[in-house]
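S.K.: One file: upload-v2.cif (mmCIF, C-alpha atoms).
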```cif
data_final
loop_
_atom_site.label_atom_id
_atom_site.label_comp_id
_atom_site.auth_asym_id
_atom_site.auth_seq_id
_atom_site.Cartn_x
_atom_site.Cartn_y
_atom_site.Cartn_z
CA MET A 1 17.65 120.96 65.46
CA ALA A 2 18.76 120.89 69.04
CA ILE A 3 22.38 121.55 69.97
CA ASN A 4 23.30 120.14 73.36
CA THR A 5 26.11 122.23 74.76
CA ALA A 6 26.20 120.72 78.26
CA PRO A 7 29.35 118.72 79.10
CA LEU A 8 29.12 114.94 79.13
CA SER A 9 28.80 113.38 82.56
CA GLY A 10 29.79 109.83 81.66
CA ASN A 11 28.34 106.62 83.11
CA ARG A 12 28.81 107.35 86.82
CA ALA A 13 25.30 107.11 88.23
CA ALA A 14 26.46 105.14 91.26
CA MET A 15 28.97 107.85 92.17
CA ARG A 16 26.68 110.77 91.41
CA VAL A 17 27.28 113.89 93.49
CA THR A 18 24.11 115.43 94.93
CA ILE A 19 23.19 118.94 96.03
CA GLY A 20 23.37 117.59 99.58
CA ASP A 21 27.02 116.61 99.03
CA MET A 22 27.73 120.07 97.68
CA ALA A 23 25.97 121.77 100.59
CA ALA A 24 27.92 119.71 103.14
CA ALA A 25 31.24 120.47 101.47
CA LEU A 26 30.49 124.22 101.38
CA GLY A 27 28.78 124.55 104.76
CA LEU A 28 25.65 125.92 103.09
CA THR A 29 22.03 124.82 103.02
CA LYS A 30 20.77 122.73 100.12
CA SER A 31 18.34 125.53 99.29
CA THR A 32 21.17 128.06 98.98
CA VAL A 33 23.21 125.73 96.78
CA SER A 34 20.20 125.03 94.57
CA ARG A 35 19.36 128.71 94.18
CA ALA A 36 23.00 129.52 93.43
CA LEU A 37 23.12 126.84 90.73
CA ASN A 38 19.94 128.23 89.16
CA GLY A 39 21.22 131.81 89.17
CA TYR A 40 18.65 133.36 91.48
CA PRO A 41 19.35 137.10 92.00
CA ASP A 42 19.01 136.91 95.80
CA ILE A 43 22.21 134.83 96.02
CA SER A 44 25.43 136.84 96.11
CA ALA A 45 27.94 136.67 93.27
CA ASN A 46 30.57 135.38 95.70
CA THR A 47 28.35 132.48 96.81
CA LYS A 48 27.45 131.65 93.22
CA LEU A 49 31.16 131.53 92.38
CA ARG A 50 31.92 129.26 95.38
CA VAL A 51 29.13 126.88 94.40
CA LYS A 52 30.19 126.87 90.75
CA ARG A 53 33.79 126.03 91.64
CA MET A 54 32.71 123.27 94.01
CA ALA A 55 30.42 121.84 91.33
CA GLU A 56 33.38 121.71 88.95
CA GLU A 57 35.63 120.18 91.60
CA LEU A 58 33.12 117.46 92.49
CA ASN A 59 31.99 116.97 88.88
CA TYR A 60 28.41 117.75 89.89
CA MET A 61 25.85 117.42 87.11
CA PRO A 62 22.14 118.18 87.67
CA LEU A 63 19.42 115.77 86.64
CA SER A 64 17.85 117.96 83.97
CA HIS A 65 14.50 116.15 84.00
CA ALA A 66 14.17 116.46 87.79
CA GLN A 67 15.20 120.12 87.57
CA ALA A 68 12.55 120.79 84.95
CA ILE A 69 9.87 119.29 87.18
CA LYS A 70 10.99 121.28 90.24
CA THR A 71 11.65 124.63 88.58
CA GLY A 72 9.44 124.48 85.50
CA ARG A 73 12.56 125.17 83.43
CA THR A 74 14.18 123.12 80.69
CA ARG A 75 17.56 124.92 81.02
CA SER A 76 17.52 125.49 77.29
CA LEU A 77 17.75 128.73 75.30
CA GLY A 78 15.77 129.14 72.09
CA LEU A 79 16.92 130.74 68.84
CA VAL A 80 14.81 130.87 65.67
CA LEU A 81 16.53 131.88 62.44
CA GLN A 82 14.40 133.52 59.77
CA LEU A 83 15.41 132.10 56.38
CA SER A 84 13.73 134.97 54.51
CA ASP A 85 16.37 137.43 55.79
CA HIS A 86 18.53 138.82 53.00
CA ASP A 87 21.64 137.19 54.49
CA ALA A 88 20.18 134.17 56.27
CA GLN A 89 23.10 132.04 55.09
CA ARG A 90 25.65 134.59 56.27
CA PRO A 91 29.07 133.04 56.95
CA PHE A 92 29.43 134.72 60.36
CA LEU A 93 26.36 132.81 61.60
CA ALA A 94 28.68 129.97 62.64
CA GLU A 95 30.65 132.32 64.89
CA PHE A 96 27.46 133.71 66.40
CA LEU A 97 26.07 130.25 67.14
CA ALA A 98 29.40 129.17 68.63
CA GLY A 99 29.28 132.17 70.97
CA VAL A 100 25.69 131.47 72.05
CA SER A 101 26.56 127.81 72.65
CA GLU A 102 29.59 128.71 74.75
CA GLY A 103 27.62 131.20 76.81
CA ALA A 104 24.84 128.68 77.39
CA SER A 105 27.21 125.84 78.26
CA THR A 106 29.05 127.95 80.84
CA GLU A 107 25.82 128.13 82.86
CA GLY A 108 24.77 124.52 82.22
CA TYR A 109 22.20 125.40 79.56
CA THR A 110 21.64 123.92 76.13
CA LEU A 111 20.70 125.71 72.91
CA THR A 112 17.71 124.81 70.75
CA VAL A 113 17.87 126.20 67.20
CA ALA A 114 14.96 126.23 64.75
CA SER A 115 14.21 128.03 61.49
CA ALA A 116 11.21 129.74 59.92
CA ASP A 117 10.38 130.78 56.35
CA ASN A 118 8.29 133.89 57.06
CA ASP A 119 6.80 136.01 59.87
CA LEU A 120 3.74 133.78 60.34
CA HIS A 121 5.86 130.63 60.51
CA LEU A 122 8.27 132.43 62.86
CA ILE A 123 5.64 133.09 65.52
CA GLU A 124 4.19 129.60 65.09
CA THR A 125 7.68 128.14 65.63
CA PHE A 126 8.16 130.16 68.82
CA ARG A 127 4.80 128.97 70.16
CA ASN A 128 5.59 125.34 69.33
CA LEU A 129 8.93 125.52 71.13
CA LEU A 130 7.25 126.96 74.21
CA ARG A 131 4.38 124.47 74.13
CA ASP A 132 6.76 121.53 73.81
CA GLY A 133 8.96 122.81 76.62
CA LYS A 134 12.02 123.22 74.36
CA ALA A 135 13.16 126.61 75.68
CA ASP A 136 12.88 128.82 78.79
CA GLY A 137 13.48 132.01 76.82
CA PHE A 138 14.62 133.29 73.44
CA ILE A 139 17.41 135.24 71.76
CA LEU A 140 15.95 137.50 69.08
CA PRO A 141 18.57 138.36 66.44
CA ARG A 142 18.37 141.61 64.51
CA ALA A 143 15.85 143.88 66.21
CA MET A 144 13.22 145.35 63.89
CA VAL A 145 11.41 148.68 63.98
CA ASP A 146 7.99 147.02 64.31
CA ASP A 147 9.04 143.78 65.94
CA LEU A 148 6.20 141.28 66.18
CA ARG A 149 8.41 138.92 68.20
CA VAL A 150 8.80 141.51 70.96
CA SER A 151 5.06 142.13 71.11
CA VAL A 152 4.29 138.42 71.35
CA PHE A 153 6.84 137.68 74.07
CA ARG A 154 6.10 140.83 76.04
CA ASP A 155 2.38 140.04 76.09
CA ALA A 156 3.03 136.40 77.05
CA ASP A 157 5.61 137.33 79.71
CA VAL A 158 8.23 135.08 78.09
CA PRO A 159 11.90 135.97 78.79
CA PHE A 160 13.79 137.27 75.74
CA VAL A 161 16.84 139.29 74.85
CA LEU A 162 17.37 141.25 71.63
CA TYR A 163 20.46 141.47 69.48
CA GLY A 164 19.77 145.15 68.86
CA ARG A 165 17.72 147.84 70.54
CA GLN A 166 14.09 148.99 70.59
CA ASP A 167 12.57 152.48 70.81
CA ASN A 168 9.62 151.03 72.74
CA ASP A 169 11.92 149.44 75.29
CA THR A 170 9.37 148.30 77.92
CA GLY A 171 10.31 144.80 79.03
CA CYS A 172 13.29 144.64 76.66
CA ALA A 173 16.75 143.34 77.49
CA TRP A 174 19.43 143.61 74.80
CA PHE A 175 23.01 143.42 73.64
CA ASP A 176 24.06 145.62 70.74
CA VAL A 177 27.05 147.07 68.93
CA ARG A 178 26.93 150.85 68.55
CA GLY A 179 26.70 151.11 64.79
CA GLU A 180 25.74 154.77 65.10
CA ASP A 181 29.13 155.56 66.64
CA ALA A 182 30.83 153.67 63.82
CA MET A 183 29.03 155.77 61.19
CA HIS A 184 29.88 158.96 63.09
CA ASN A 185 33.55 158.01 63.32
CA ALA A 186 33.65 156.87 59.69
CA VAL A 187 32.70 160.40 58.64
CA LEU A 188 35.37 161.89 60.90
CA HIS A 189 37.96 159.53 59.39
CA LEU A 190 37.03 160.65 55.88
CA ALA A 191 36.95 164.33 56.87
CA GLU A 192 40.48 164.03 58.24
CA LEU A 193 41.50 162.77 54.81
CA GLY A 194 40.05 165.95 53.28
CA HIS A 195 36.75 164.65 51.87
CA GLN A 196 33.89 167.14 51.55
CA ARG A 197 31.41 165.31 49.33
CA ILE A 198 30.59 162.23 51.41
CA GLY A 199 27.77 159.88 50.42
CA PHE A 200 25.84 157.48 52.64
CA ILE A 201 24.16 154.18 51.76
CA ASN A 202 22.03 152.91 54.64
CA GLY A 203 20.77 149.39 55.32
CA GLY A 204 17.29 147.87 55.49
CA LEU A 205 14.71 150.26 56.91
CA ILE A 206 12.73 147.46 58.56
CA TYR A 207 15.65 146.98 60.98
CA ASN A 208 16.13 149.20 63.99
CA TYR A 209 19.84 149.64 63.28
CA ALA A 210 19.09 151.66 60.13
CA GLY A 211 17.74 154.67 62.01
CA LEU A 212 20.63 154.57 64.45
CA ARG A 213 23.26 154.42 61.71
CA ARG A 214 21.58 157.21 59.76
CA ASP A 215 21.62 159.40 62.88
CA GLY A 216 25.28 158.56 63.44
CA PHE A 217 26.16 159.62 59.90
CA VAL A 218 24.27 162.90 60.26
CA ARG A 219 25.96 163.61 63.61
CA GLY A 220 29.34 162.91 62.08
CA MET A 221 28.71 165.30 59.20
CA ALA A 222 27.64 168.02 61.63
CA ALA A 223 30.67 167.43 63.86
CA CYS A 224 33.07 168.06 60.99
CA GLU A 225 30.96 170.84 59.48
CA ARG A 226 30.03 168.96 56.32
CA LYS A 227 26.68 169.41 54.63
CA VAL A 228 24.49 166.35 54.15
CA ALA A 229 23.58 166.52 50.47
CA ARG A 230 20.22 164.85 49.87
CA GLU A 231 21.30 163.48 46.50
CA LEU A 232 24.19 161.64 48.19
CA VAL A 233 22.01 159.66 50.64
CA PHE A 234 20.32 156.36 49.75
CA GLU A 235 18.59 153.87 52.02
CA ASP A 236 17.25 150.32 52.10
CA ALA A 237 20.29 148.70 50.48
CA VAL A 238 21.22 145.30 51.92
CA THR A 239 22.97 143.27 49.20
CA ALA A 240 25.98 143.63 46.91
CA GLU A 241 23.55 144.06 44.02
CA ASP A 242 21.91 146.96 45.86
CA GLY A 243 25.34 148.48 46.44
CA GLU A 244 26.26 148.22 42.77
CA ARG A 245 22.96 149.78 41.70
CA VAL A 246 23.05 152.66 44.20
CA GLY A 247 26.78 153.14 43.76
CA ALA A 248 26.22 153.63 40.03
CA LYS A 249 23.64 156.35 40.73
CA LEU A 250 26.02 158.15 43.06
CA LEU A 251 29.04 157.92 40.77
CA ASP A 252 27.05 159.06 37.71
CA LEU A 253 26.00 162.33 39.37
CA PRO A 254 27.38 165.53 37.79
CA ASN A 255 29.16 166.18 41.10
CA PRO A 256 29.73 162.71 42.57
CA PRO A 257 30.99 162.00 46.07
CA THR A 258 34.69 161.39 46.66
CA ALA A 259 33.85 159.06 49.58
CA ILE A 260 30.95 156.81 50.57
CA VAL A 261 30.00 155.45 53.98
CA CYS A 262 28.08 152.16 53.76
CA ALA A 263 26.04 150.76 56.64
CA ILE A 264 26.74 147.19 55.45
CA ASP A 265 29.94 145.59 54.12
CA ARG A 266 28.16 143.68 51.35
CA VAL A 267 26.75 146.91 49.99
CA ALA A 268 30.24 148.42 49.98
CA LEU A 269 31.51 145.49 47.89
CA GLY A 270 28.78 146.31 45.38
CA VAL A 271 30.07 149.89 45.27
CA TYR A 272 33.49 148.42 44.39
CA LYS A 273 31.91 146.89 41.27
CA ALA A 274 30.20 150.15 40.26
CA ALA A 275 33.50 152.01 40.66
CA ALA A 276 35.42 149.42 38.62
CA ASP A 277 32.86 149.65 35.81
CA ARG A 278 33.63 153.38 35.63
CA GLY A 279 37.38 153.02 35.70
CA LEU A 280 37.67 154.32 39.27
CA LYS A 281 40.19 152.92 41.72
CA ILE A 282 38.97 152.35 45.28
CA GLY A 283 41.19 154.07 47.84
CA THR A 284 42.54 156.51 45.26
CA ASP A 285 39.65 157.88 43.19
CA LEU A 286 36.93 156.88 45.66
CA SER A 287 37.15 156.13 49.38
CA VAL A 288 34.75 153.61 50.97
CA VAL A 289 34.12 152.83 54.66
CA ALA A 290 31.63 150.20 55.81
CA TYR A 291 30.42 148.19 58.79
CA ASP A 292 30.31 144.50 59.76
CA GLY A 293 33.81 143.10 59.24
CA ILE A 294 32.78 140.19 56.99
CA HIS A 295 35.46 137.84 55.69
CA GLU A 296 35.01 138.92 52.07
CA GLY A 297 35.94 142.50 52.94
CA SER A 298 39.43 141.52 54.03
CA HIS A 299 40.02 139.79 50.67
CA ALA A 300 38.63 142.57 48.47
CA GLN A 301 41.06 144.54 46.33
CA PRO A 302 41.94 146.76 48.05
CA PRO A 303 40.87 145.35 51.46
CA LEU A 304 37.81 147.13 52.81
CA THR A 305 38.16 149.67 55.62
CA THR A 306 35.38 148.75 58.04
CA TYR A 307 34.08 148.63 61.58
CA SER A 308 34.21 145.01 62.66
CA VAL A 309 31.70 143.23 64.91
CA ASP A 310 32.74 140.31 67.14
CA ASN A 311 29.75 138.02 66.57
CA ARG A 312 31.15 135.27 68.79
CA GLN A 313 31.34 137.70 71.73
CA ALA A 314 27.84 138.96 70.92
CA GLY A 315 26.44 135.43 70.99
CA ALA A 316 28.07 134.65 74.34
CA ARG A 317 26.83 137.87 75.95
CA LEU A 318 23.29 137.35 74.64
CA ALA A 319 23.22 133.87 76.17
CA THR A 320 24.46 135.19 79.51
CA LEU A 321 21.94 138.03 79.58
CA LEU A 322 19.07 135.72 78.68
CA ILE A 323 19.96 133.28 81.46
CA ARG A 324 20.01 136.18 83.93
CA ARG A 325 16.61 137.29 82.60
CA ILE A 326 15.22 133.76 83.01
CA SER A 327 16.55 133.80 86.58
CA GLY A 328 14.42 136.84 87.37
CA GLU A 329 16.60 139.89 86.81
CA PRO A 330 14.67 142.89 85.43
CA PRO A 331 15.19 143.62 81.72
CA GLU A 332 16.16 147.24 82.42
CA ALA A 333 19.29 145.93 84.20
CA LEU A 334 20.21 143.74 81.23
CA ARG A 335 21.11 146.22 78.51
CA GLU A 336 24.63 146.29 77.12
CA THR A 337 26.24 148.01 74.17
CA VAL A 338 29.83 147.82 72.92
CA ALA A 339 31.88 149.61 70.28
CA ALA A 340 32.79 148.11 66.92
CA THR A 341 36.49 147.72 66.09
CA PHE A 342 37.92 150.02 63.42
CA LEU A 343 39.95 148.19 60.76
CA GLU A 344 41.74 150.75 58.60
CA ARG A 345 42.68 149.15 55.31
CA GLY A 346 43.22 150.16 51.72
CA SER A 347 39.79 151.42 50.69
CA THR A 348 40.23 154.92 52.13
CA GLY A 349 42.74 157.58 51.18
CA PRO A 350 43.17 161.33 50.73
CA VAL A 351 40.64 163.20 48.65
CA PRO A 352 41.69 162.92 44.97
CA GLN A 353 43.19 166.04 43.49
CA PRO A 354 41.54 167.44 40.36
CA THR A 355 43.33 166.65 37.14
CA HIS A 356 44.43 169.56 34.95
CA THR A 357 44.45 169.29 31.20
#
```
Would you write out, as C-alpha cells, the structure that this file holds?

M.R.:
Amino acid sequence: MAINTAPLSGNRAAMRVTIGDMAAALGLTKSTVSRALNGYPDISANTKLRVKRMAEELNYMPLSHAQAIKTGRTRSLGLVLQLSDHDAQRPFLAEFLAGVSEGASTEGYTLTVASADNDLHLIETFRNLLRDGKADGFILPRAMVDDLRVSVFRDADVPFVLYGRQDNDTGCAWFDVRGEDAMHNAVLHLAELGHQRIGFINGGLIYNYAGLRRDGFVRGMAACERKVARELVFEDAVTAEDGERVGAKLLDLPNPPTAIVCAIDRVALGVYKAAADRGLKIGTDLSVVAYDGIHEGSHAQPPLTTYSVDNRQAGARLATLLIRRISGEPPEALRETVAATFLERGSTGPVPQPTHT
C-alpha cells in the first residue's frame, strides 16, 4: 500500500505559486531555491530554512510529476515489512510508521509501504519498487548480522538507512538505540540491589542487536565484579514461549539466579509465567529487567522494569536521515545512536534473603 503523507494543496491551480515567485520573494535565484527545496548539501542550513518558511507562507507545493522528470526522484521513501519476523504484527509498528510518515511529510516526501513473506520475496519486492519508480531509497528495519538487503543496495548504489548497526559498515547510514548500554546498566541496577547470580536471556542471533546486547551484559558483569556463569546464559529467545521455556531451565537449576536480564520484553513476560508455575513472586523472589518498553509490560503484574524505546522518534529520524542520504550526504555522516529510557517498576527488588527452617 502507499501512504501519501504530503499535505493537500486543494484546487488552486490558477493561483499556483511557482519557484520563480519564491525566488523573487527571497531575492535568490530559481536554481538556489530549487536546490534548497530538494535538500542539496551545497545549500546552507540557513538558506534551506528561509526557503522552507517562504514555501509555507506562500503555500508552495511542487508538481511531483515534473519534479520526478527533472530530478529522477519520486520524493517517496520505501519500507518493506517482512511478515516472517517473529513479531511482524507487533503493536508498536503503528508508532514506528507514524514517525516515519511524519518525518517524510516534513520534507515533502511520501511513504510507500509493502510487505514480503520471506527473504526471496523481500528482495524481489525491493526490486519491483525501484523498477516501478515507487521509492528513491529505503528504510531497513532491524539490521541483521548477514544482511542481504544491505549487500543488494550497496552493490546497486541505492540509498538506504538501517534501523540498527552493521559491523561491515561501508556505505551504511543508520539510526539505533544503544541496547548494549541498557544491558550494561541493567546489570548495574541489579548489582546495586545486591544480586550476585544474574542470568541473561539474549534475543535472536540472526539480528545484529544480539551481539551488542550480549557484550553489554558481559561489560556490566565485569564492571560490578560479577562472574558470568555459563549455565545462566541463554540465547536465541524471541517470544514469550521461548522465555517461559528458558526461564524454566534457569529456575530449575540447583543454584538458580536471583535476577534475570532479558534482551526482549516478550521473553521477560514468558519468564513471569515460568516463575509463577514455580510459586515464585516476581520482584520479591526473582528480579527481572528487560528491553523494549512494550505496552504489555506496563500491565504485567507486577509491571515490568525495562528500557523503553521511542519507536515514533526512531521512525522520524530514519526518514530524515534517508532523505539526507538521497540528497547526496555521505553515509558516514548519517549515523546516530540514542539511549533507551529506564523505566523502574515492580519487577526488580533486593536480593531475596535465605529462609531459615

S.K.: Find, counting only C-alpha atoms, the residue in A:His184, A:Arg127, A:Arg324, A:Arg35 that gets nearest to Gly216 (chain A).

M.R.: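 Of A:His184, A:Arg127, A:Arg324, A:Arg35, the one nearest Gly216 (chain A) is A:His184, counting only C-alpha atoms.
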
S.K.: So which residues touch Phe126 (chain A) within 10 Å, counting all atoms listed in the file, skipping near sequence neighbours fewer than 4 positions away, as a ChimeraX atom specification?

M.R.: /A:78-80,114-116,121-122,130-131,134-135,137-138,149,152-153

S.K.: List the neighbours of Ala98 (chain A) out to 10 Å using only C-alpha atoms; skip same-chain residues closer than 2 positions along the sequence, and give me the result as JSON, numbers by chain.

M.R.: {"A": [5, 92, 93, 94, 95, 96, 100, 101, 102, 103, 104, 311, 312, 313, 315, 316]}

S.K.: Expand the PyMOL selection byres ((chain A and resi 301-305) around 6) into the explicit residue set it covers here, and present it as a list in words.

M.R.: Val289, Gly297, Ser298, His299, Ala300, Thr306, Leu343, Glu344, Arg345, Gly346 and Ser347 of chain A

S.K.: Once you count only C-alpha atoms, which residues end up no further than 7 Å from (9.5, 133.3, 78.9) in the file's frame, shown as a list in words?

M.R.: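 The distance filter leaves exactly Asp136, Gly137, Asp157, Val158, Pro159 and Phe160 of chain A.
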